[in-house]
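Student: I'd like to ask you about the structure that follows.
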Amino acid sequence: MKVVILAGGSGTRAYPYTEYLPKPMMPVGGKPILLRVMEIYARQGITDFVLSVGYRKEVILDYFEGRSFGWKVEIVDTGAATDTGGRVAGCRHLLCDGTFMATYADGLSDVPLSDLLAFHRRAGKLATITSVPLRSQYGTIEADAGGTIHDFREKPVLREHWINAGFFVMEPAIFDHWRGENLERDVFPGLLAGRHLATYRHDGFFKSMDTYKDQQEIEAMFAEGRMPWLGRTAAAA
């Protein structure tokens, strides 16, 4: 099964780090986060990758040139300014053989891929999105009706709200319904009318590297051993 990884964005929110280095190459434990995302799949037996690149593509091309991971890696230049939907569609010619997966190059999760795939097949939809409960970026204050504070909660998980975590499963027939350039604003909403979309709810770990601060937080988590499921694979050793 192929996995498309969207690795072509400019990463403007991580500036100035990404002025010279594309965000997928920002480090986590001495390896680019792109490689860490690939390891999530490789550790679960999926090793056929399509990297959809664009911004500072030469850095990614240079990194993979001459390296052997025991994986199949194809790199497709989908353009420096292409949006997320276009980055998947630009790899369409490699995805026509059957069910495929896709994700972003900056999100880490312990999602069980076999369970995700089994859910997708049971749901019978054109696409499945992995969703996770929203974690507040702020601490919250809990008080009674009179205003007396009785607790502080540091960045609580808001389980009544679920967000897109990537880790998609898609069928080739999805391209018959593909409209627009952005996955989140165009492509996925366009599937709602036909009831072609499902979500697999994952209540485990998820953290995306949107900013330089996120990169520092992920580095600390990795150093502290808080992501034991993320590590070296036999293929990447």
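In the structure tokens, each chain is lettered A, B, ... as it comes, each chain's residues begin at 1, and ligands are numbered from 1 in order of appearance.
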Can you check which residues of range 5-52 of chain A DSSP gives as strand (DSSP E or B) on the backbone and send them as number ranges by chain?

Tutor: A: 5-7, 27-28, 31-32, 48-52

Student: Which residues come within 10 Å of Ala123 in chain A, counting only C-alpha atoms, excluding same-chain residues fewer than 6 positions away, as a list of chain:residue names?

Tutor: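 Once the nearby chain positions are removed, what remains is A:Leu117, A:His196, A:Leu197, A:Ala198, A:Thr199, A:Tyr200.
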
Student: Give the alpha helix (DSSP H) residues of range 31-163 of chain A, as DSSP finds them on the backbone, and put them as a VMD selection string.

Tutor: chain A and resid 33 to 42 57 to 64 84 to 89 113 to 123

Student: List the spatial neighbours of Glu171 in chain A as a ChimeraX atom specification - criterion: any atom at most 12 Å away, only C-alpha atoms, same-chain residues fewer than 5 positions off excluded.

Tutor: /A:1-2,92,95-102,117,120-121,124-128,176-178,196-197

Student: Counting only C-alpha atoms, which of A:Asp77, A:Glu39, A:Glu65, A:Asp115 gets nearest to Leu51 in chain A?

Tutor: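 Nearest candidate to Leu51 in chain A out of A:Asp77, A:Glu39, A:Glu65, A:Asp115: A:Asp77.
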
Student: Can you list, as a list in words, every protein, DNA or RNA residue that comes within 7 Å of Val76 in chain A when you count only C-alpha atoms, leaving out same-chain residues fewer than 5 positions away?

Tutor: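 So, after excluding close chain neighbours, the residues are Leu51, Ser52, Val53 and Cys91 of chain A.
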
Student: Would you put the residues from that selection into a file with N, CA and C atoms, as a PDB file, in the first residue's frame?

Tutor:
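That gives us selection.pdb:
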```
ATOM      1  N   LEU A  51       6.600  10.919  -1.797  1.00  0.00           N
ATOM      2  CA  LEU A  51       6.809  12.215  -1.159  1.00  0.00           C
ATOM      3  C   LEU A  51       6.418  13.310  -2.147  1.00  0.00           C
ATOM      4  N   SER A  52       5.398  14.076  -1.798  1.00  0.00           N
ATOM      5  CA  SER A  52       4.932  15.171  -2.635  1.00  0.00           C
ATOM      6  C   SER A  52       5.631  16.444  -2.178  1.00  0.00           C
ATOM      7  N   VAL A  53       6.618  16.902  -2.942  1.00  0.00           N
ATOM      8  CA  VAL A  53       7.493  17.988  -2.511  1.00  0.00           C
ATOM      9  C   VAL A  53       7.264  19.238  -3.346  1.00  0.00           C
ATOM     10  N   CYS A  91      -0.031  13.461  -7.460  1.00  0.00           N
ATOM     11  CA  CYS A  91       0.542  12.107  -7.396  1.00  0.00           C
ATOM     12  C   CYS A  91      -0.458  11.055  -7.868  1.00  0.00           C
TER      13      CYS A  91
END
```

Student: For a quick check of understanding, using only C-alpha atoms, which of A:Leu108, A:Ala118, A:Ile60, A:Val50 has the smallest distance to Gly204 in chain A?

Tutor: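 Between A:Leu108, A:Ala118, A:Ile60, A:Val50, the residue approaching Gly204 in chain A most closely is A:Leu108.
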
Student: Please, what distance in Å, to one decimal, runs between CA of Arg135 in chain A and CA of Lys155 in chain A?

Tutor: 6.3 Å

Student: Within 10 Å of Phe167 in chain A, counting only C-alpha atoms, which residues show up once you throw out same-chain ones fewer than 6 positions away? Write them as an MDAnalysis selection string, please.

Tutor: chainID A and resid 3:5 41 101:104 107:109 111 113 116 128:131 200
